[in-house]
Amino acid sequence: MKKLLGIVVLGLLVSGSAYANDISEFKIEEVSIGDSGLIYITKKELDEKKKDWFKDKEYSISADIELNNLKQYDKLQFVYFTNDKNYILQGIEGIKFYRSNINECYSDFDYVVDEIKDLFQNLPIEKKTKATHPYDKSGKSTYTYQAFIFDNNDTIYLACEDWSEESGFTDSLRVSLRTKNYSKFLTNKAY
């Protein structure tokens, strides 16, 4: 698995350099911030996969995207301004599922964090944190997260989600690329 995640890290970072200034220089599954979501799927598919997860409607998210050529992730999510007819991506998330194997997720999470640290030694990183997942009202699900923050506040965000059996969700590793404005939206307005 670590070999696969090494490829994931390289796939995430190969398009950028150690001196990259913003998130648009990176890719997840060949998709970059600033690309139009219409390059990858149709408007109809983006609209059909749109989720009503945000109370503020400035941004929209299309989830459960399964492109034919996915190599490192099981699914993608695309984030764009709700009123943007071109669906220019402000956030991209790769999701890898771990069926009843959260320890492998934690191991892979740590491996990816270490690889990014090695590649970007001067990039600030938030403290690794574990919290109760707010979506599971039983309080039995948790998530562990960490973020790398660029000078302009663009973010590479990683999370392992450890869902309770009762939730019905599958444990997952999430790797996200977020523009500074989308990150700010998630913190202050989305929920």
# chains A, B, ... in the order shown; residues from 1 in each chain; ligands from 1
call {"tool": "residues_around", "arguments": {"residues": "segment 70-86 of chain A", "least_positions_apart": "5", "cutoff": "7 Å", "atoms": "only C-alpha atoms", "output": "JSON, numbers by chain"}}
result
{"A": [8, 29, 36, 57, 58, 59, 60, 61, 62, 63, 64, 65, 91, 92, 93, 94, 95, 96, 97]}
call {"tool": "write_last_selection", "arguments": {"atoms": "C-alpha atoms", "output": "mmCIF file, in the first residue's frame"}}
result
data_model
loop_
_atom_site.group_PDB
_atom_site.id
_atom_site.type_symbol
_atom_site.label_atom_id
_atom_site.label_comp_id
_atom_site.auth_asym_id
_atom_site.auth_seq_id
_atom_site.Cartn_x
_atom_site.Cartn_y
_atom_site.Cartn_z
ATOM 1 C CA VAL A 8 -0.444 9.055 -5.019
ATOM 2 C CA GLU A 29 -5.791 12.418 -10.929
ATOM 3 C CA SER A 36 -13.207 23.585 -15.846
ATOM 4 C CA LYS A 57 -24.874 28.649 -1.570
ATOM 5 C CA GLU A 58 -21.769 30.561 -2.742
ATOM 6 C CA TYR A 59 -20.077 27.255 -3.666
ATOM 7 C CA SER A 60 -21.439 23.961 -4.956
ATOM 8 C CA ILE A 61 -19.956 20.497 -4.730
ATOM 9 C CA SER A 62 -20.407 17.571 -7.109
ATOM 10 C CA ALA A 63 -19.537 14.277 -5.415
ATOM 11 C CA ASP A 64 -19.128 10.613 -6.288
ATOM 12 C CA ILE A 65 -17.339 11.395 -9.538
ATOM 13 C CA GLY A 91 -11.512 22.581 -4.808
ATOM 14 C CA ILE A 92 -10.720 18.969 -5.726
ATOM 15 C CA GLU A 93 -10.875 15.986 -3.426
ATOM 16 C CA GLY A 94 -9.608 12.462 -4.001
ATOM 17 C CA ILE A 95 -11.212 9.769 -1.845
ATOM 18 C CA LYS A 96 -9.816 6.299 -1.164
ATOM 19 C CA PHE A 97 -12.008 3.849 0.759
#
call {"tool": "residues_around", "arguments": {"residues": "Ile102 of chain A", "least_positions_apart": "6", "cutoff": "12 Å", "atoms": "only C-alpha atoms", "output": "number ranges by chain"}}
result
A: 96, 108-109, 141-144, 159-164, 170-173
call {"tool": "select_by_dssp", "arguments": {"residues": "segment 36-161 of chain A", "states": "helix (DSSP H, G or I)", "output": "ChimeraX atom specification"}}
result
/A:37-39,43-48,102-119
call {"tool": "residues_around", "arguments": {"residues": "Gly34 of chain A", "least_positions_apart": "4", "cutoff": "8 Å", "atoms": "only C-alpha atoms", "output": "list in words"}}
result
Ser24, Ile88, Leu89 and Gln90 of chain A
call {"tool": "residues_around", "arguments": {"residues": "Thr155 of chain A", "least_positions_apart": "6", "cutoff": "6 Å", "atoms": "only C-alpha atoms", "output": "ChimeraX atom specification"}}
result
/A:148-149,177-178
call {"tool": "select_by_dssp", "arguments": {"residues": "segment 50-85 of chain A", "states": "strand (DSSP E or B)", "output": "list in words"}}
result
Lys50, Lys51, Tyr59, Ser60, Ile61, Ser62, Ala63, Asp64, Ile65, Lys75, Leu76, Gln77, Phe78, Val79, Tyr80 and Phe81 of chain A
call {"tool": "atom_distance", "arguments": {"atom1": "atom CA of Phe54 of chain A", "atom2": "atom CA of Ala190 of chain A"}}
result
4.8 Å
call {"tool": "closest_residue", "arguments": {"among": "A:Glu115, A:Asp52, A:Glu45, A:Glu126", "to": "Tyr87 of chain A", "atoms": "only C-alpha atoms"}}
result
A:Glu45
call {"tool": "closest_residue", "arguments": {"among": "A:Val175, A:Leu158, A:Leu67, A:Ile33", "to": "Lys130 of chain A", "atoms": "only C-alpha atoms"}}
result
A:Leu158
call {"tool": "residues_around", "arguments": {"residues": "Lys140 of chain A", "least_positions_apart": "4", "cutoff": "10 Å", "atoms": "only C-alpha atoms", "output": "VMD selection string"}}
result
chain A and resid 132 to 134 136 162 to 167
call {"tool": "write_last_selection", "arguments": {"atoms": "all heavy atoms", "output": "PDB file, in the first residue's frame"}}
result
ATOM      1  N   THR A 132     -14.329  14.279  16.945  1.00  0.00           N
ATOM      2  CA  THR A 132     -15.580  13.574  16.694  1.00  0.00           C
ATOM      3  C   THR A 132     -16.172  14.113  15.397  1.00  0.00           C
ATOM      4  O   THR A 132     -16.211  15.324  15.172  1.00  0.00           O
ATOM      5  CB  THR A 132     -16.568  13.808  17.854  1.00  0.00           C
ATOM      6  OG1 THR A 132     -15.958  13.347  19.058  1.00  0.00           O
ATOM      7  CG2 THR A 132     -17.863  13.066  17.632  1.00  0.00           C
ATOM      8  N   HIS A 133     -16.617  13.223  14.535  1.00  0.00           N
ATOM      9  CA  HIS A 133     -17.165  13.647  13.242  1.00  0.00           C
ATOM     10  C   HIS A 133     -18.541  14.275  13.461  1.00  0.00           C
ATOM     11  O   HIS A 133     -19.451  13.625  13.973  1.00  0.00           O
ATOM     12  CB  HIS A 133     -17.263  12.471  12.283  1.00  0.00           C
ATOM     13  CG  HIS A 133     -17.245  12.884  10.858  1.00  0.00           C
ATOM     14  ND1 HIS A 133     -18.222  13.683  10.305  1.00  0.00           N
ATOM     15  CD2 HIS A 133     -16.362  12.641   9.867  1.00  0.00           C
ATOM     16  CE1 HIS A 133     -17.946  13.896   9.038  1.00  0.00           C
ATOM     17  NE2 HIS A 133     -16.816  13.275   8.739  1.00  0.00           N
ATOM     18  N   PRO A 134     -18.715  15.535  13.074  1.00  0.00           N
ATOM     19  CA  PRO A 134     -19.986  16.222  13.339  1.00  0.00           C
ATOM     20  C   PRO A 134     -21.173  15.650  12.559  1.00  0.00           C
ATOM     21  O   PRO A 134     -22.317  15.846  12.944  1.00  0.00           O
ATOM     22  CB  PRO A 134     -19.701  17.671  12.925  1.00  0.00           C
ATOM     23  CG  PRO A 134     -18.553  17.588  11.984  1.00  0.00           C
ATOM     24  CD  PRO A 134     -17.747  16.390  12.395  1.00  0.00           C
ATOM     25  N   ASP A 136     -21.951  12.495  12.205  1.00  0.00           N
ATOM     26  CA  ASP A 136     -22.521  11.347  12.907  1.00  0.00           C
ATOM     27  C   ASP A 136     -23.007  11.811  14.281  1.00  0.00           C
ATOM     28  O   ASP A 136     -22.225  12.013  15.198  1.00  0.00           O
ATOM     29  CB  ASP A 136     -21.478  10.239  13.049  1.00  0.00           C
ATOM     30  CG  ASP A 136     -22.019   8.992  13.734  1.00  0.00           C
ATOM     31  OD1 ASP A 136     -23.192   8.990  14.171  1.00  0.00           O
ATOM     32  OD2 ASP A 136     -21.266   8.007  13.836  1.00  0.00           O
ATOM     33  N   ASP A 162     -12.999   7.722  10.316  1.00  0.00           N
ATOM     34  CA  ASP A 162     -13.281   6.444  10.960  1.00  0.00           C
ATOM     35  C   ASP A 162     -14.754   6.433  11.351  1.00  0.00           C
ATOM     36  O   ASP A 162     -15.140   6.942  12.396  1.00  0.00           O
ATOM     37  CB  ASP A 162     -12.381   6.270  12.185  1.00  0.00           C
ATOM     38  CG  ASP A 162     -12.559   4.929  12.862  1.00  0.00           C
ATOM     39  OD1 ASP A 162     -13.281   4.060  12.309  1.00  0.00           O
ATOM     40  OD2 ASP A 162     -11.976   4.744  13.946  1.00  0.00           O
ATOM     41  N   TRP A 163     -15.577   5.874  10.478  1.00  0.00           N
ATOM     42  CA  TRP A 163     -17.021   5.893  10.670  1.00  0.00           C
ATOM     43  C   TRP A 163     -17.471   4.734  11.548  1.00  0.00           C
ATOM     44  O   TRP A 163     -16.969   3.621  11.448  1.00  0.00           O
ATOM     45  CB  TRP A 163     -17.732   5.806   9.320  1.00  0.00           C
ATOM     46  CG  TRP A 163     -17.548   7.015   8.486  1.00  0.00           C
ATOM     47  CD1 TRP A 163     -16.686   7.177   7.438  1.00  0.00           C
ATOM     48  CD2 TRP A 163     -18.232   8.255   8.622  1.00  0.00           C
ATOM     49  NE1 TRP A 163     -16.796   8.434   6.911  1.00  0.00           N
ATOM     50  CE2 TRP A 163     -17.740   9.126   7.624  1.00  0.00           C
ATOM     51  CE3 TRP A 163     -19.209   8.723   9.490  1.00  0.00           C
ATOM     52  CZ2 TRP A 163     -18.193  10.425   7.466  1.00  0.00           C
ATOM     53  CZ3 TRP A 163     -19.667  10.029   9.335  1.00  0.00           C
ATOM     54  CH2 TRP A 163     -19.164  10.859   8.327  1.00  0.00           C
ATOM     55  N   SER A 164     -18.453   4.979  12.394  1.00  0.00           N
ATOM     56  CA  SER A 164     -19.053   3.922  13.205  1.00  0.00           C
ATOM     57  C   SER A 164     -19.826   2.974  12.300  1.00  0.00           C
ATOM     58  O   SER A 164     -20.250   3.355  11.203  1.00  0.00           O
ATOM     59  CB  SER A 164     -19.993   4.530  14.251  1.00  0.00           C
ATOM     60  OG  SER A 164     -21.133   5.099  13.614  1.00  0.00           O
ATOM     61  N   GLU A 165     -20.007   1.745  12.762  1.00  0.00           N
ATOM     62  CA  GLU A 165     -20.792   0.758  12.007  1.00  0.00           C
ATOM     63  C   GLU A 165     -22.206   1.280  11.751  1.00  0.00           C
ATOM     64  O   GLU A 165     -22.763   1.102  10.673  1.00  0.00           O
ATOM     65  CB  GLU A 165     -20.852  -0.567  12.764  1.00  0.00           C
ATOM     66  CG  GLU A 165     -19.531  -1.301  12.849  1.00  0.00           C
ATOM     67  CD  GLU A 165     -19.061  -1.852  11.520  1.00  0.00           C
ATOM     68  OE1 GLU A 165     -19.915  -2.292  10.719  1.00  0.00           O
ATOM     69  OE2 GLU A 165     -17.849  -1.831  11.269  1.00  0.00           O
ATOM     70  N   GLU A 166     -22.779   1.948  12.748  1.00  0.00           N
ATOM     71  CA  GLU A 166     -24.163   2.428  12.652  1.00  0.00           C
ATOM     72  C   GLU A 166     -24.341   3.521  11.596  1.00  0.00           C
ATOM     73  O   GLU A 166     -25.432   3.713  11.081  1.00  0.00           O
ATOM     74  CB  GLU A 166     -24.640   2.981  14.007  1.00  0.00           C
ATOM     75  CG  GLU A 166     -24.632   1.988  15.139  1.00  0.00           C
ATOM     76  CD  GLU A 166     -23.266   1.833  15.811  1.00  0.00           C
ATOM     77  OE1 GLU A 166     -22.394   2.704  15.646  1.00  0.00           O
ATOM     78  OE2 GLU A 166     -23.079   0.817  16.482  1.00  0.00           O
ATOM     79  N   SER A 167     -23.279   4.244  11.291  1.00  0.00           N
ATOM     80  CA  SER A 167     -23.393   5.367  10.349  1.00  0.00           C
ATOM     81  C   SER A 167     -23.713   4.904   8.938  1.00  0.00           C
ATOM     82  O   SER A 167     -24.326   5.630   8.163  1.00  0.00           O
ATOM     83  CB  SER A 167     -22.112   6.203  10.337  1.00  0.00           C
ATOM     84  OG  SER A 167     -21.076   5.514   9.646  1.00  0.00           O
TER      85      SER A 167
END
